[in-house]
file entry.cif (mmCIF, C-alpha atoms)
data_structure
loop_
_atom_site.group_PDB
_atom_site.id
_atom_site.type_symbol
_atom_site.label_atom_id
_atom_site.label_comp_id
_atom_site.auth_asym_id
_atom_site.auth_seq_id
_atom_site.Cartn_x
_atom_site.Cartn_y
_atom_site.Cartn_z
ATOM 1 C CA MET A 263 -139.461 144.918 -69.693
ATOM 2 C CA HIS A 264 -139.130 141.184 -70.181
ATOM 3 C CA PRO A 265 -138.328 139.487 -73.415
ATOM 4 C CA ASP A 266 -141.383 137.814 -74.905
ATOM 5 C CA ALA A 267 -139.726 134.457 -74.555
ATOM 6 C CA ILE A 268 -140.664 133.932 -70.917
ATOM 7 C CA TRP A 269 -143.863 132.901 -69.190
ATOM 8 C CA PRO A 270 -145.991 135.090 -66.943
ATOM 9 C CA GLY A 271 -144.858 134.856 -63.312
ATOM 10 C CA LEU A 272 -147.793 132.805 -62.039
ATOM 11 C CA VAL A 273 -147.462 130.338 -64.906
ATOM 12 C CA GLY A 274 -143.791 129.908 -64.107
ATOM 13 C CA GLY A 275 -144.641 129.519 -60.446
ATOM 14 C CA LEU A 276 -147.291 126.927 -61.198
ATOM 15 C CA ALA A 277 -144.850 124.976 -63.335
ATOM 16 C CA ILE A 278 -142.098 125.112 -60.741
ATOM 17 C CA GLY A 279 -144.462 124.173 -57.939
ATOM 18 C CA LEU A 280 -145.707 121.212 -59.922
ATOM 19 C CA TYR A 281 -142.148 120.269 -60.771
ATOM 20 C CA SER A 282 -141.141 120.110 -57.100
ATOM 21 C CA LEU A 283 -144.104 117.833 -56.361
ATOM 22 C CA VAL A 284 -143.289 115.621 -59.336
ATOM 23 C CA GLN A 285 -139.668 115.291 -58.279
ATOM 24 C CA LEU A 286 -140.775 114.375 -54.766
ATOM 25 C CA ILE A 287 -143.329 111.783 -55.831
ATOM 26 C CA VAL A 288 -141.161 110.223 -58.521
ATOM 27 C CA THR A 289 -137.831 110.135 -56.680
ATOM 28 C CA GLY A 290 -138.690 110.700 -53.034
ATOM 29 C CA ARG A 291 -136.160 113.569 -52.962
ATOM 30 C CA ALA A 292 -137.005 117.161 -52.079
ATOM 31 C CA LEU A 293 -135.899 119.870 -54.495
ATOM 32 C CA GLY A 294 -132.785 121.762 -53.473
ATOM 33 C CA CYS A 295 -129.914 123.457 -55.297
ATOM 34 C CA SER A 296 -127.314 124.500 -52.742
ATOM 35 C CA THR A 297 -126.255 121.270 -51.029
ATOM 36 C CA GLY A 298 -125.050 119.898 -54.363
ATOM 37 C CA TYR A 299 -122.288 122.502 -54.344
ATOM 38 C CA GLY A 300 -120.976 120.660 -51.305
ATOM 39 C CA ASN A 301 -120.771 117.526 -53.454
ATOM 40 C CA LEU A 302 -118.686 119.492 -55.945
ATOM 41 C CA CYS A 303 -116.448 120.637 -53.083
ATOM 42 C CA GLY A 304 -116.056 117.017 -52.054
ATOM 43 C CA LEU A 305 -115.007 116.173 -55.572
ATOM 44 C CA VAL A 306 -112.078 118.575 -55.568
ATOM 45 C CA SER A 307 -111.117 118.869 -51.926
ATOM 46 C CA ARG A 308 -110.342 116.523 -49.066
ATOM 47 C CA THR A 309 -111.975 118.781 -46.488
ATOM 48 C CA ALA A 310 -113.637 116.264 -44.192
ATOM 49 C CA TYR A 311 -116.914 118.153 -43.956
ATOM 50 C CA PHE A 312 -117.622 117.325 -47.592
ATOM 51 C CA HIS A 313 -117.035 113.613 -47.129
ATOM 52 C CA GLN A 314 -119.587 112.867 -44.467
ATOM 53 C CA GLY A 315 -123.319 113.152 -43.856
ATOM 54 C CA PRO A 316 -125.139 114.201 -47.014
ATOM 55 C CA TYR A 317 -121.823 114.321 -48.907
ATOM 56 C CA GLU A 318 -120.573 110.883 -47.964
ATOM 57 C CA ASP A 319 -121.424 109.591 -51.406
ATOM 58 C CA THR A 320 -120.086 112.404 -53.580
ATOM 59 C CA LEU A 321 -121.805 111.173 -56.731
ATOM 60 C CA ASN A 322 -125.245 110.956 -55.139
ATOM 61 C CA TRP A 323 -128.472 112.255 -56.660
ATOM 62 C CA ARG A 324 -127.648 115.875 -55.882
ATOM 63 C CA PHE A 325 -124.436 115.711 -57.869
ATOM 64 C CA TRP A 326 -126.237 114.674 -61.038
ATOM 65 C CA PHE A 327 -129.126 117.064 -60.483
ATOM 66 C CA THR A 328 -126.648 119.933 -60.124
ATOM 67 C CA LEU A 329 -124.940 118.940 -63.359
ATOM 68 C CA GLY A 330 -128.289 118.855 -65.118
ATOM 69 C CA LEU A 331 -129.142 122.477 -64.323
ATOM 70 C CA PRO A 332 -126.882 124.101 -66.935
ATOM 71 C CA ILE A 333 -128.165 121.639 -69.529
ATOM 72 C CA GLY A 334 -131.667 122.938 -68.823
ATOM 73 C CA GLY A 335 -130.566 126.504 -69.282
ATOM 74 C CA LEU A 336 -128.933 125.639 -72.591
ATOM 75 C CA LEU A 337 -132.058 123.839 -73.741
ATOM 76 C CA ALA A 338 -134.188 126.879 -72.975
ATOM 77 C CA VAL A 339 -132.111 129.305 -75.029
ATOM 78 C CA VAL A 340 -131.704 126.845 -77.890
ATOM 79 C CA LEU A 341 -135.438 126.180 -78.096
ATOM 80 C CA HIS A 342 -136.774 129.637 -77.282
ATOM 81 C CA GLY A 343 -133.973 132.146 -77.561
ATOM 82 C CA ASP A 344 -130.875 132.851 -79.570
ATOM 83 C CA GLY A 345 -129.032 129.715 -78.528
ATOM 84 C CA PHE A 346 -125.837 129.640 -76.495
ATOM 85 C CA VAL A 347 -124.467 133.167 -76.502
ATOM 86 C CA ALA A 348 -121.296 133.734 -74.488
ATOM 87 C CA THR A 349 -121.548 137.061 -72.710
ATOM 88 C CA PHE A 350 -120.110 138.919 -69.761
ATOM 89 C CA SER A 351 -123.103 141.183 -69.459
ATOM 90 C CA LEU A 352 -125.393 141.347 -66.445
ATOM 91 C CA GLY A 353 -128.208 142.917 -68.406
ATOM 92 C CA PRO A 354 -128.729 146.685 -68.746
ATOM 93 C CA LEU A 355 -129.815 147.340 -65.153
ATOM 94 C CA TYR A 356 -126.915 145.646 -63.382
ATOM 95 C CA ASP A 357 -124.378 146.609 -66.050
ATOM 96 C CA ALA A 358 -125.051 150.262 -65.297
ATOM 97 C CA VAL A 359 -124.285 149.965 -61.583
ATOM 98 C CA MET A 360 -121.661 147.232 -61.373
ATOM 99 C CA PRO A 361 -117.944 147.825 -62.030
ATOM 100 C CA GLN A 362 -117.409 148.287 -65.736
ATOM 101 C CA GLY A 363 -114.167 146.370 -66.096
ATOM 102 C CA THR A 364 -113.948 142.584 -66.200
ATOM 103 C CA VAL A 365 -111.745 142.360 -63.124
ATOM 104 C CA GLY A 366 -113.889 144.631 -60.979
ATOM 105 C CA LYS A 367 -117.103 142.998 -62.097
ATOM 106 C CA SER A 368 -115.673 139.538 -61.468
ATOM 107 C CA ALA A 369 -114.489 140.507 -58.011
ATOM 108 C CA VAL A 370 -117.969 141.620 -57.000
ATOM 109 C CA LEU A 371 -119.617 138.545 -58.521
ATOM 110 C CA PHE A 372 -117.142 136.187 -56.860
ATOM 111 C CA ALA A 373 -117.634 137.850 -53.489
ATOM 112 C CA ALA A 374 -121.407 137.787 -53.957
ATOM 113 C CA GLY A 375 -121.158 134.110 -54.806
ATOM 114 C CA GLY A 376 -119.166 133.601 -51.634
ATOM 115 C CA LEU A 377 -121.954 135.163 -49.603
ATOM 116 C CA ILE A 378 -124.505 132.999 -51.390
ATOM 117 C CA GLY A 379 -122.572 129.791 -50.776
ATOM 118 C CA PHE A 380 -121.651 130.533 -47.189
ATOM 119 C CA GLY A 381 -125.047 131.981 -46.346
ATOM 120 C CA ALA A 382 -126.868 129.007 -47.829
ATOM 121 C CA ARG A 383 -124.929 126.615 -45.617
ATOM 122 C CA MET A 384 -125.600 128.752 -42.558
ATOM 123 C CA ALA A 385 -129.281 128.874 -43.425
ATOM 124 C CA GLY A 386 -129.393 125.207 -44.356
ATOM 125 C CA GLY A 387 -130.646 125.824 -47.876
ATOM 126 C CA CYS A 388 -131.360 128.294 -50.647
ATOM 127 C CA THR A 389 -134.455 129.724 -52.332
ATOM 128 C CA SER A 390 -135.322 126.322 -53.775
ATOM 129 C CA GLY A 391 -135.019 124.292 -50.609
ATOM 130 C CA HIS A 392 -136.391 126.896 -48.243
ATOM 131 C CA SER A 393 -138.665 129.212 -50.224
ATOM 132 C CA ILE A 394 -140.179 126.773 -52.697
ATOM 133 C CA VAL A 395 -140.135 123.467 -50.814
ATOM 134 C CA GLY A 396 -139.784 124.508 -47.175
ATOM 135 C CA MET A 397 -142.647 126.962 -47.229
ATOM 136 C CA ALA A 398 -144.865 124.387 -48.973
ATOM 137 C CA LEU A 399 -144.017 122.111 -46.035
ATOM 138 C CA ARG A 400 -145.054 124.921 -43.672
ATOM 139 C CA ALA A 401 -141.624 124.855 -42.033
ATOM 140 C CA PRO A 402 -140.987 127.784 -39.689
ATOM 141 C CA SER A 403 -137.277 127.632 -40.517
ATOM 142 C CA SER A 404 -138.029 128.113 -44.190
ATOM 143 C CA LEU A 405 -140.328 131.067 -43.637
ATOM 144 C CA LEU A 406 -137.646 132.687 -41.511
ATOM 145 C CA ALA A 407 -134.975 131.931 -44.079
ATOM 146 C CA SER A 408 -137.118 133.306 -46.899
ATOM 147 C CA VAL A 409 -137.663 136.543 -45.005
ATOM 148 C CA GLY A 410 -133.913 136.765 -44.513
ATOM 149 C CA PHE A 411 -133.272 136.134 -48.205
ATOM 150 C CA PHE A 412 -135.560 138.970 -49.205
ATOM 151 C CA VAL A 413 -134.276 141.361 -46.558
ATOM 152 C CA GLY A 414 -130.729 140.767 -47.755
ATOM 153 C CA GLY A 415 -131.604 141.050 -51.418
ATOM 154 C CA THR A 416 -133.533 144.243 -50.949
ATOM 155 C CA MET A 417 -130.803 145.864 -48.873
ATOM 156 C CA ALA A 418 -128.124 144.945 -51.389
ATOM 157 C CA VAL A 419 -129.933 146.095 -54.518
ATOM 158 C CA GLN A 420 -131.324 149.246 -52.976
ATOM 159 C CA ALA A 421 -127.838 150.174 -51.789
ATOM 160 C CA LEU A 422 -126.212 149.207 -55.083
ATOM 161 C CA PHE A 423 -128.581 151.271 -57.176
ATOM 162 C CA ARG A 424 -128.847 154.246 -54.854
ATOM 163 C CA LEU A 425 -125.166 154.566 -54.000
ATOM 164 C CA THR A 426 -124.225 154.512 -57.657
ATOM 165 C CA ALA A 427 -126.767 157.242 -58.249
ATOM 166 C CA ALA A 428 -128.435 155.259 -61.002
ATOM 167 C CA PRO A 429 -131.916 156.525 -61.838
ATOM 168 C CA VAL A 430 -134.100 154.372 -59.599
ATOM 169 C CA MET B 227 -133.565 105.506 -54.969
ATOM 170 C CA ARG B 228 -129.853 106.006 -54.693
ATOM 171 C CA SER B 229 -127.916 107.807 -57.365
ATOM 172 C CA ALA B 230 -129.632 107.097 -60.718
ATOM 173 C CA PRO B 231 -127.374 109.506 -62.646
ATOM 174 C CA LEU B 232 -129.353 109.791 -65.844
ATOM 175 C CA LEU B 233 -132.672 110.264 -64.070
ATOM 176 C CA PHE B 234 -131.386 113.114 -61.937
ATOM 177 C CA LEU B 235 -129.480 114.645 -64.815
ATOM 178 C CA LEU B 236 -132.819 114.835 -66.606
ATOM 179 C CA PHE B 237 -134.578 116.237 -63.555
ATOM 180 C CA GLY B 238 -131.871 118.856 -63.155
ATOM 181 C CA ALA B 239 -132.206 119.762 -66.816
ATOM 182 C CA ALA B 240 -135.977 119.995 -66.435
ATOM 183 C CA PHE B 241 -135.681 122.322 -63.461
ATOM 184 C CA GLY B 242 -133.039 124.439 -65.161
ATOM 185 C CA TYR B 243 -135.321 124.689 -68.163
ATOM 186 C CA LEU B 244 -138.296 125.755 -66.037
ATOM 187 C CA LEU B 245 -136.239 128.329 -64.150
ATOM 188 C CA SER B 246 -135.272 129.812 -67.504
ATOM 189 C CA ARG B 247 -138.823 129.869 -68.864
ATOM 190 C CA ALA B 248 -140.079 131.453 -65.661
ATOM 191 C CA GLY B 249 -137.679 134.366 -66.100
ATOM 192 C CA ALA B 250 -135.432 133.433 -63.186
ATOM 193 C CA THR B 251 -132.356 133.458 -65.410
ATOM 194 C CA ASP B 252 -132.865 137.078 -66.455
ATOM 195 C CA TYR B 253 -130.618 139.417 -64.486
ATOM 196 C CA ASP B 254 -133.088 142.270 -64.958
ATOM 197 C CA ALA B 255 -135.711 140.285 -63.067
ATOM 198 C CA TYR B 256 -133.681 140.451 -59.864
ATOM 199 C CA ALA B 257 -132.942 144.150 -60.136
ATOM 200 C CA GLY B 258 -136.606 144.695 -60.911
ATOM 201 C CA LEU B 259 -137.726 142.604 -57.948
ATOM 202 C CA PHE B 260 -135.607 144.284 -55.299
ATOM 203 C CA LEU B 261 -136.294 147.726 -56.718
ATOM 204 C CA PHE B 262 -139.993 146.871 -56.425
ATOM 205 C CA ARG B 263 -140.537 147.607 -60.080
ATOM 206 C CA ASP B 264 -141.055 144.128 -61.492
ATOM 207 C CA LEU B 265 -142.583 141.460 -59.296
ATOM 208 C CA GLN B 266 -142.222 138.617 -61.825
ATOM 209 C CA LEU B 267 -140.069 136.525 -59.501
ATOM 210 C CA LEU B 268 -142.336 137.158 -56.541
ATOM 211 C CA TYR B 269 -145.184 135.683 -58.563
ATOM 212 C CA VAL B 270 -142.961 132.763 -59.500
ATOM 213 C CA ILE B 271 -142.037 131.952 -55.911
ATOM 214 C CA GLY B 272 -145.502 132.760 -54.610
ATOM 215 C CA GLY B 273 -147.173 130.640 -57.254
ATOM 216 C CA ALA B 274 -144.836 127.762 -56.577
ATOM 217 C CA VAL B 275 -145.504 127.948 -52.840
ATOM 218 C CA VAL B 276 -149.288 127.974 -53.281
ATOM 219 C CA VAL B 277 -149.152 124.948 -55.566
ATOM 220 C CA GLY B 278 -146.740 123.279 -53.184
ATOM 221 C CA LEU B 279 -148.893 123.946 -50.128
ATOM 222 C CA VAL B 280 -151.870 122.270 -51.753
ATOM 223 C CA GLY B 281 -149.817 119.399 -53.116
ATOM 224 C CA ILE B 282 -147.973 118.700 -49.873
ATOM 225 C CA ALA B 283 -151.203 118.853 -47.868
ATOM 226 C CA LEU B 284 -152.708 116.231 -50.175
ATOM 227 C CA ILE B 285 -149.587 114.053 -50.067
ATOM 228 C CA GLU B 286 -149.421 114.194 -46.270
ATOM 229 C CA ARG B 287 -152.840 112.604 -45.908
ATOM 230 C CA ARG B 288 -151.566 109.322 -47.279
ATOM 231 C CA PRO B 289 -147.979 109.606 -48.496
ATOM 232 C CA PRO B 290 -147.351 107.284 -51.415
ATOM 233 C CA ALA B 291 -144.078 105.474 -51.889
ATOM 234 C CA ALA B 292 -141.699 107.020 -54.417
ATOM 235 C CA LEU B 293 -142.492 105.815 -57.935
ATOM 236 C CA PHE B 294 -138.821 105.011 -58.543
ATOM 237 C CA GLY B 295 -137.384 102.796 -55.860
ATOM 238 C CA GLY B 296 -140.452 102.674 -53.638
ATOM 239 C CA GLY B 297 -138.779 104.525 -50.763
ATOM 240 C CA PRO B 298 -140.425 107.081 -48.477
ATOM 241 C CA LEU B 299 -140.952 110.656 -49.648
ATOM 242 C CA ASP B 300 -138.723 113.213 -47.942
ATOM 243 C CA LEU B 301 -141.167 115.507 -46.182
ATOM 244 C CA SER B 302 -138.625 116.707 -43.640
ATOM 245 C CA ARG B 303 -138.551 120.299 -42.531
ATOM 246 C CA LYS B 304 -135.209 121.992 -42.233
ATOM 247 C CA PRO B 305 -134.247 122.689 -38.621
ATOM 248 C CA LEU B 306 -134.173 126.109 -37.001
ATOM 249 C CA GLN B 307 -130.423 125.973 -36.772
ATOM 250 C CA ARG B 308 -128.163 128.500 -35.150
ATOM 251 C CA GLY B 309 -127.197 131.255 -37.550
ATOM 252 C CA LEU B 310 -130.062 130.542 -39.927
ATOM 253 C CA PHE B 311 -131.379 134.090 -40.172
ATOM 254 C CA THR B 312 -127.933 135.657 -40.377
ATOM 255 C CA GLY B 313 -126.997 133.184 -43.057
ATOM 256 C CA ALA B 314 -130.199 133.916 -44.928
ATOM 257 C CA VAL B 315 -129.493 137.637 -44.919
ATOM 258 C CA LEU B 316 -125.931 137.030 -46.131
ATOM 259 C CA PHE B 317 -127.339 134.805 -48.863
ATOM 260 C CA GLY B 318 -129.795 137.519 -49.747
ATOM 261 C CA ILE B 319 -127.085 140.149 -50.052
ATOM 262 C CA GLY B 320 -125.143 137.911 -52.390
ATOM 263 C CA TRP B 321 -128.322 137.065 -54.262
ATOM 264 C CA GLY B 322 -129.116 140.716 -54.810
ATOM 265 C CA LEU B 323 -125.585 141.634 -55.865
ATOM 266 C CA ALA B 324 -125.115 138.676 -58.185
ATOM 267 C CA GLY B 325 -128.612 138.587 -59.616
ATOM 268 C CA ALA B 326 -128.524 134.830 -59.257
ATOM 269 C CA CYS B 327 -128.809 131.989 -56.767
ATOM 270 C CA PRO B 328 -127.261 128.497 -56.662
ATOM 271 C CA GLY B 329 -129.756 127.005 -59.083
ATOM 272 C CA THR B 330 -130.240 129.865 -61.521
ATOM 273 C CA ALA B 331 -126.514 130.611 -61.705
ATOM 274 C CA LEU B 332 -125.878 127.149 -63.136
ATOM 275 C CA ALA B 333 -128.770 127.441 -65.572
ATOM 276 C CA MET B 334 -127.436 130.837 -66.641
ATOM 277 C CA LEU B 335 -123.988 129.362 -67.168
ATOM 278 C CA GLY B 336 -125.548 126.835 -69.506
ATOM 279 C CA GLN B 337 -126.976 129.735 -71.498
ATOM 280 C CA GLY B 338 -123.562 131.302 -71.956
ATOM 281 C CA LYS B 339 -123.689 133.885 -69.187
ATOM 282 C CA LEU B 340 -120.073 133.735 -68.136
ATOM 283 C CA THR B 341 -120.778 136.222 -65.348
ATOM 284 C CA ALA B 342 -122.850 133.471 -63.756
ATOM 285 C CA GLY B 343 -119.806 131.236 -64.042
ATOM 286 C CA VAL B 344 -117.879 133.621 -61.817
ATOM 287 C CA THR B 345 -120.780 133.579 -59.384
ATOM 288 C CA VAL B 346 -120.755 129.766 -59.409
ATOM 289 C CA ALA B 347 -117.056 129.809 -58.586
ATOM 290 C CA GLY B 348 -117.805 132.146 -55.709
ATOM 291 C CA ILE B 349 -120.615 129.915 -54.446
ATOM 292 C CA LEU B 350 -118.223 126.968 -54.471
ATOM 293 C CA ALA B 351 -115.662 129.004 -52.548
ATOM 294 C CA GLY B 352 -118.195 130.172 -49.984
ATOM 295 C CA THR B 353 -119.543 126.655 -49.580
ATOM 296 C CA TRP B 354 -116.055 125.282 -49.115
ATOM 297 C CA LEU B 355 -115.158 127.954 -46.579
ATOM 298 C CA TYR B 356 -118.168 127.015 -44.480
ATOM 299 C CA GLY B 357 -117.156 123.371 -44.474
ATOM 300 C CA PHE B 358 -113.567 124.221 -43.691
ATOM 301 C CA ILE B 359 -114.629 126.292 -40.688
ATOM 302 C CA GLN B 360 -116.870 123.465 -39.468
ATOM 303 C CA ASP B 361 -113.902 121.118 -39.611
ATOM 304 C CA VAL B 362 -111.722 123.528 -37.673
ATOM 305 C CA ARG B 363 -114.371 123.997 -34.995
ATOM 306 C CA SER B 364 -114.937 120.267 -34.549
ATOM 307 C CA GLY B 365 -111.281 119.336 -34.720
ATOM 308 C CA ARG B 366 -111.529 117.268 -37.874
ATOM 309 C CA SER B 367 -108.493 117.035 -40.090
ATOM 310 C CA GLY B 368 -109.140 115.350 -43.387
ATOM 311 C CA THR B 369 -110.564 112.228 -41.796
ATOM 312 C CA PRO B 370 -114.196 111.545 -42.655
ATOM 313 C CA ASP B 371 -116.293 111.665 -39.518
ATOM 314 C CA THR B 372 -119.849 110.505 -38.941
ATOM 315 C CA THR B 373 -120.630 113.241 -36.425
ATOM 316 C CA THR B 374 -124.211 114.308 -36.809
ATOM 317 C CA SER B 375 -124.842 117.732 -38.222
ATOM 318 C CA SER B 376 -127.899 119.695 -39.112
ATOM 319 C CA ALA B 377 -127.158 118.987 -42.752
ATOM 320 C CA PRO B 378 -129.936 117.494 -44.860
ATOM 321 C CA PRO B 379 -130.464 113.739 -45.301
ATOM 322 C CA ALA B 380 -128.220 112.067 -47.808
#
call {"tool": "encode", "arguments": {"input": "entry.cif", "output": "structure tokens"}}
result
Amino acid sequence: MHPDAIWPGLVGGLAIGLYSLVQLIVTGRALGCSTGYGNLCGLVSRTAYFHQGPYEDTLNWRFWFTLGLPIGGLLAVVLHGDGFVATFSLGPLYDAVMPQGTVGKSAVLFAAGGLIGFGARMAGGCTSGHSIVGMALRAPSSLLASVGFFVGGTMAVQALFRLTAAPV
Amino acid sequence: MRSAPLLFLLFGAAFGYLLSRAGATDYDAYAGLFLFRDLQLLYVIGGAVVVGLVGIALIERRPPAALFGGGPLDLSRKPLQRGLFTGAVLFGIGWGLAGACPGTALAMLGQGKLTAGVTVAGILAGTWLYGFIQDVRSGRSGTPDTTTSSAPPA
């Protein structure tokens, strides 16, 4: 089902787990991917929330880390895949159940993104900060958040695939 | 360790690269996960947590200073804040529908997946909306305020 270009799950998990420890030991910062979006908000908006607390210095470490992520993705496909390939596909599984047209598909993706962004702030983090780092820190909040993430994901995909009568 | 742009750009690139190699930038992986047909990502997260548990436990015994800058390591746990579980479920719904999360969406965008770009725009919008609502509820109006929040350390 997966292209041959990716690692087995446990290998990927090992690598990512090691990465989070390396980042912590080298920089003192805990891995996280959602708060940086607040930095980006602070860059383009004067909403006070994004100019205080962790966002007071807009160009802090999170800002640069966030900018680095797409570079990593590009590197991966250049080194191991077919390079940068512009596409509006969601892969065969999602493409079959999502709206077919660009506008409809975009609307769903934008709304989903909205839930991700808003939900991450409510939860205080995303799968990186809570599921990878938080659970390694044995934080009850992160276990609870991770359960919530999976409950939500399961509900959404099960509904999406069943309601569109795709062969499940 | 304050900003160090190049260092964190490299770290971000490294993480984006690892997410991609682990299969977390494949849309099919998310459909497969939540349909219980392909547990690749469960092994990724599970494996990362196991490694992290061991590593953190070792670090906690005698936490070293950060190699760059010599500051303390951030071992803080996120608080059990109000709305956490609801927010997590909302996140999860978006995660399942979009087949991406804040980190992977950016990595995917770097690969050329323009669909992930739309998701990123949505994440920005959702993030902004949260902040806007917080401002409204605390009576802020464009003036930076040092009121404490349950947001992470800077």
call {"tool": "resolve_selection", "arguments": {"input": "entry.cif", "expression": "the PyMOL selection byres ((chain B and resi 290-298) around 8)", "output": "ChimeraX atom specification"}}
result
/A:286-290 /B:227,285,288-289,299-300
call {"tool": "resolve_selection", "arguments": {"input": "entry.cif", "expression": "the PyMOL selection byres ((chain B and resi 238-246) around 8)", "output": "PyMOL selection string"}}
result
(chain A and resi 268+274+277-278+281+326-338) or (chain B and resi 234-237+247-252+329-330+332-334)
call {"tool": "residues_around", "arguments": {"input": "entry.cif", "residues": "range 356-360 of chain A", "least_positions_apart": "5", "cutoff": "10 Å", "atoms": "all atoms listed in the file", "output": "mmCIF file with C-alpha atoms, in the coordinates of the input"}}
result
data_model
loop_
_atom_site.group_PDB
_atom_site.id
_atom_site.type_symbol
_atom_site.label_atom_id
_atom_site.label_comp_id
_atom_site.auth_asym_id
_atom_site.auth_seq_id
_atom_site.Cartn_x
_atom_site.Cartn_y
_atom_site.Cartn_z
ATOM 1 C CA PHE A 350 -120.110 138.919 -69.761
ATOM 2 C CA SER A 351 -123.103 141.183 -69.459
ATOM 3 C CA GLY A 366 -113.889 144.631 -60.979
ATOM 4 C CA LYS A 367 -117.103 142.998 -62.097
ATOM 5 C CA SER A 368 -115.673 139.538 -61.468
ATOM 6 C CA VAL A 370 -117.969 141.620 -57.000
ATOM 7 C CA LEU A 371 -119.617 138.545 -58.521
ATOM 8 C CA VAL A 419 -129.933 146.095 -54.518
ATOM 9 C CA LEU A 422 -126.212 149.207 -55.083
ATOM 10 C CA PHE A 423 -128.581 151.271 -57.176
ATOM 11 C CA ARG A 424 -128.847 154.246 -54.854
ATOM 12 C CA LEU A 425 -125.166 154.566 -54.000
ATOM 13 C CA THR A 426 -124.225 154.512 -57.657
ATOM 14 C CA ALA A 427 -126.767 157.242 -58.249
ATOM 15 C CA ALA A 428 -128.435 155.259 -61.002
ATOM 16 C CA PRO A 429 -131.916 156.525 -61.838
ATOM 17 C CA TYR B 253 -130.618 139.417 -64.486
ATOM 18 C CA ASP B 254 -133.088 142.270 -64.958
ATOM 19 C CA TYR B 256 -133.681 140.451 -59.864
ATOM 20 C CA ALA B 257 -132.942 144.150 -60.136
ATOM 21 C CA LEU B 323 -125.585 141.634 -55.865
ATOM 22 C CA ALA B 324 -125.115 138.676 -58.185
ATOM 23 C CA GLY B 325 -128.612 138.587 -59.616
#
call {"tool": "resolve_selection", "arguments": {"input": "entry.cif", "expression": "the PyMOL selection byres ((chain A and resi 376) around 8)", "output": "PyMOL selection string"}}
result
(chain A and resi 372-375+377-380) or (chain B and resi 320+345+348-353)
call {"tool": "closest_residue", "arguments": {"input": "entry.cif", "among": "A:Gly298, A:Ala385, A:Pro402, A:Pro270", "to": "chain B", "atoms": "all atoms listed in the file"}}
result
A:Ala385
call {"tool": "atom_distance", "arguments": {"input": "entry.cif", "atom1": "CA of Gln420 in chain A", "atom2": "CA of Gly353 in chain A"}}
result
17.0 Å
call {"tool": "atom_distance", "arguments": {"input": "entry.cif", "atom1": "CA of Ala418 in chain A", "atom2": "CA of Gly381 in chain A"}}
result
14.2 Å
call {"tool": "residues_around", "arguments": {"input": "entry.cif", "residues": "Gly309 in chain B", "least_positions_apart": "5", "cutoff": "12 Å", "atoms": "all atoms listed in the file", "output": "PyMOL selection string"}}
result
(chain A and resi 380-386+403+406-407+410) or (chain B and resi 314-317+376)
call {"tool": "residues_around", "arguments": {"input": "entry.cif", "residues": "Arg303 in chain B", "least_positions_apart": "5", "cutoff": "10 Å", "atoms": "all atoms listed in the file", "output": "NGL selection string"}}
result
(:A and (391-392 or 395-404)) or (:B and (378))
